[in-house]
Amino acid sequence: MDYQKLADLLFPDVTETREDIERRFPPRSLPAGANVTRIGPSPTGFVHLGNLYNAIIAERVAHQSGGVFYLRIEDTDNKREVEGAVETVINAMAYFDVHFDEGATSTGDNGAYGPYRQRQRKEIYHVFAKWLVQNGKAYPCFLTEEELTAIREEQLANKEIVTGFFGKYAEVSRNLTLEDISARIAAGQPWVLRFRAEMNDKRFTITDAIRGKLDMPCNIMDFVLLKSDGIPTYHFAHVVDDHLMRSTHVVRGEEWLSTLSMHVELFDVFGWDKPIYCHTSTLQKIDGGSKRKLSKRKDPELALAFYQQEGICKEAIWEFLLTVLNSNFEEWRAANPDASYMEFPFSLEKMSTSGALFDMEKLNNIAKDVIGRMDAETVLSHLKNWCSEYNREFLALIEQYPDRTLKALGVGKQGAKPRKDFVNWKQTCEFLSFYFDETFKAQDDMPAEISEEDRKAFFAKYLASYAHEDDAEAWFAKVRQISDELGYAVKPKDYKKNPENYKGSIVHVTNMLRTALTGMANAPDIWEISHVLGEELTRARLGKWA
RNA sequence: GGCCCGUUGGUCAAGAGGUCAAGACGACGCCCUUUCACGGCGUAAUCAUGGGUUCGAUUCCCGUACGGGUCACCA
């Protein structure tokens, strides 16, 4: 077989050589130790937590080393592509503060190693495909889908241990003559380009940055390089792109482990250095007592959009994922409460190789801490951002009462043990609702612990003596005095010891006050709330019960 | 089924041939307290399993079980 003739027959339009392409994408000039990483999402319209998980790893590996992090759109499967999906990926990553140095953008490409959309790289792949053909490493295959299915069925019937295109099943396609191929092409028969595998039973070892040394069988499959539309498969595109774009690390899910041998063989055939592979484990969740992979259909929390809708703070997502990735993150956070998570020394080696379970409760706990560390102004700006997208009505309130909102967000923040009332922005809106008459839900009744007579007496005295400028101490002294006058124990402990001596305890009194003021049995400090509401509102809410 | 990856409390997990097997979330209890939070203290709870190697194995080796992945002109 004259491979040169075959190559010209298959790729008549390809005039460039692999050297030409290499010159267009020279090695990057980066300081020693700088890593180049990427994410390569498929534009299916669904961005999930796993995408973000891998993105964060890749981002840290690159930026922590002063390297480059880029976005490459892997759109080689036009059947699965969804309109606007590239936009969705870019927006989701931006929302979660994942920033690219180069790659696909909503307006085009940014960077010297593009195009960053694989379908636009067709000509590049063809140059390398032609080289493979010229060197006897690839050949056209004209088998139809039905014929392929027949082979598969035969293999299953023969109890062949592996199914696929290899060994004797590849022989016919491998050994077509140039004349035959030429005739078929002239007749317009569709073909795919297959890799001509070594097909031996050797094994190879490779060191994965997360999993350590791996020992696996070499590839034996004549897998497809170019589909009949001339677009490459993932395997071919991955090898060509990560070489040309000079990726130093490939961070991807463990589902790629089983095809790693194909990629390794391709890199070797081209004589290229392999990137450092980092195969992450799949996020799982508990379901009916057993672990399973997070699934798109069953688990709403898998979609990144879920976190946006719930208003889960992006810093919290980062901190949660960093905690899952490197378990020493929490220790580091405790030692560096004020540092940005970007300063955390992330390490691939410290990653767990077993699949982590997604734990919403842990996320919430982290979110409370993260928001708790922010000052009121920062919280307000996050809240407004979220509301402008997901809660317009509340945004209007915030904008109508900016000072009150800011004060409300600061309640309980001072002191050595600041409150942590906010978990996510959705919940924050609900939590703040009693600060505004527009959303305040007044109670219709008071608990029966205090008689109506005492209730009226209390509120009358309270309002009569109420002085808005009182400090917290003076204020509470008055509450105590009134309680005492009405026959309620001033100290809860006194009441506990001798309940028969009192009508009730100050706890009952303050609960009543709190309920009148907030509509809720549980709320932050009454005095502070009064001062957020202002004298007028406070008096109005309490007056109802006098 | 073949191949590959994995298995420490309910969850995330540290760990090393000899530890009372860290820590965090959650649960529970106590303390603080005008409610709820916050905070503090404490309790319960883990090395999948069977063999080997060894004076000693949760740690090393082999098998078993279980879970996950993959076997496409999908990524």
# chains A, B, ... in the order shown; residues from 1 in each chain; ligands from 1
call {"tool": "closest_atom_pairs", "arguments": {"of": "chain A", "to": "chain B", "cutoff": "7 Å", "atoms": "only C-alpha atoms (C1' of nucleotides)", "output": "JSON lines"}}
result
{"residue": "A:Ser42", "atom": "CA", "partner": "B:A75", "partner_atom": "C1'", "distance": 6.7}
{"residue": "A:Asp77", "atom": "CA", "partner": "B:C74", "partner_atom": "C1'", "distance": 6.9}
{"residue": "A:Ile161", "atom": "CA", "partner": "B:G2", "partner_atom": "C1'", "distance": 5.2}
{"residue": "A:Val162", "atom": "CA", "partner": "B:G2", "partner_atom": "C1'", "distance": 5.8}
{"residue": "A:Thr163", "atom": "CA", "partner": "B:C71", "partner_atom": "C1'", "distance": 6.8}
{"residue": "A:Val192", "atom": "CA", "partner": "B:C73", "partner_atom": "C1'", "distance": 6.8}
{"residue": "A:Val224", "atom": "CA", "partner": "B:C73", "partner_atom": "C1'", "distance": 6.9}
{"residue": "A:Lys227", "atom": "CA", "partner": "B:C73", "partner_atom": "C1'", "distance": 4.5}
{"residue": "A:Ser228", "atom": "CA", "partner": "B:C73", "partner_atom": "C1'", "distance": 6.2}
{"residue": "A:Tyr234", "atom": "CA", "partner": "B:A75", "partner_atom": "C1'", "distance": 6.5}
{"residue": "A:Glu254", "atom": "CA", "partner": "B:G69", "partner_atom": "C1'", "distance": 6.8}
{"residue": "A:Glu255", "atom": "CA", "partner": "B:G69", "partner_atom": "C1'", "distance": 5.3}
{"residue": "A:Leu257", "atom": "CA", "partner": "B:C4", "partner_atom": "C1'", "distance": 6.9}
{"residue": "A:Ser258", "atom": "CA", "partner": "B:U70", "partner_atom": "C1'", "distance": 5.5}
{"residue": "A:Val324", "atom": "CA", "partner": "B:C12", "partner_atom": "C1'", "distance": 6.6}
{"residue": "A:Ser327", "atom": "CA", "partner": "B:A13", "partner_atom": "C1'", "distance": 6.5}
{"residue": "A:Ser354", "atom": "CA", "partner": "B:G6", "partner_atom": "C1'", "distance": 5.5}
{"residue": "A:Asp359", "atom": "CA", "partner": "B:U11", "partner_atom": "C1'", "distance": 6.7}
{"residue": "A:Glu361", "atom": "CA", "partner": "B:C25", "partner_atom": "C1'", "distance": 6.9}
{"residue": "A:Lys362", "atom": "CA", "partner": "B:C25", "partner_atom": "C1'", "distance": 5.1}
{"residue": "A:Lys417", "atom": "CA", "partner": "B:C38", "partner_atom": "C1'", "distance": 5.5}
{"residue": "A:Pro418", "atom": "CA", "partner": "B:C38", "partner_atom": "C1'", "distance": 6.0}
{"residue": "A:Arg419", "atom": "CA", "partner": "B:C38", "partner_atom": "C1'", "distance": 4.9}
{"residue": "A:Lys420", "atom": "CA", "partner": "B:C38", "partner_atom": "C1'", "distance": 6.7}
{"residue": "A:Asp421", "atom": "CA", "partner": "B:A37", "partner_atom": "C1'", "distance": 6.9}
{"residue": "A:Ile506", "atom": "CA", "partner": "B:U34", "partner_atom": "C1'", "distance": 6.4}
{"residue": "A:Val507", "atom": "CA", "partner": "B:U34", "partner_atom": "C1'", "distance": 5.3}
{"residue": "A:Thr510", "atom": "CA", "partner": "B:U34", "partner_atom": "C1'", "distance": 5.6}
{"residue": "A:Asn511", "atom": "CA", "partner": "B:U35", "partner_atom": "C1'", "distance": 6.0}
{"residue": "A:Ala521", "atom": "CA", "partner": "B:U35", "partner_atom": "C1'", "distance": 6.5}
{"residue": "A:Asn522", "atom": "CA", "partner": "B:C36", "partner_atom": "C1'", "distance": 4.4}
{"residue": "A:Ala523", "atom": "CA", "partner": "B:C36", "partner_atom": "C1'", "distance": 5.6}
{"residue": "A:Pro524", "atom": "CA", "partner": "B:C36", "partner_atom": "C1'", "distance": 6.9}
call {"tool": "residues_around", "arguments": {"residues": "Ala489 of chain A", "least_positions_apart": "4", "cutoff": "9 Å", "atoms": "only C-alpha atoms (C1' of nucleotides)", "output": "mmCIF file with C-alpha atoms, in the first residue's frame"}}
result
data_model
loop_
_atom_site.group_PDB
_atom_site.id
_atom_site.type_symbol
_atom_site.label_atom_id
_atom_site.label_comp_id
_atom_site.auth_asym_id
_atom_site.auth_seq_id
_atom_site.Cartn_x
_atom_site.Cartn_y
_atom_site.Cartn_z
ATOM 1 C CA ARG A 480 -37.554 44.242 83.967
ATOM 2 C CA SER A 483 -42.345 42.767 84.463
ATOM 3 C CA ASP A 484 -41.694 43.022 88.161
ATOM 4 C CA LYS A 493 -34.004 31.126 87.372
ATOM 5 C CA ASP A 494 -36.136 32.558 90.132
ATOM 6 C CA TYR A 495 -39.204 31.493 88.253
ATOM 7 C CA PRO A 499 -42.980 29.155 89.820
ATOM 8 C CA ASN A 501 -44.526 32.909 93.425
ATOM 9 C CA TYR A 502 -45.011 34.472 90.013
ATOM 10 C CA LYS A 503 -47.502 34.823 87.233
ATOM 11 C CA GLY A 504 -44.760 33.916 84.870
ATOM 12 C CA SER A 505 -41.222 34.747 83.934
ATOM 13 C CA ILE A 506 -39.596 37.559 82.072
ATOM 14 C CA VAL A 507 -39.126 35.019 79.330
#
call {"tool": "select_by_dssp", "arguments": {"residues": "segment 339-487 of chain A", "states": "alpha helix (DSSP H)", "output": "MDAnalysis selection string"}}
result
chainID A and resid 360:373 376:390 392:400 402:410 425:432 452:465 472:485
call {"tool": "residues_around", "arguments": {"residues": "segment 429-439 of chain A", "least_positions_apart": "5", "cutoff": "9 Å", "atoms": "only C-alpha atoms (C1' of nucleotides)", "output": "PyMOL selection string"}}
result
chain A and resi 383+387+391+394+397+401+404-405+408-409+421-422+424+517-520+529+532-533+537
call {"tool": "atom_distance", "arguments": {"atom1": "atom CA of Phe166 of chain A", "atom2": "atom CA of Met199 of chain A"}}
result
7.5 Å
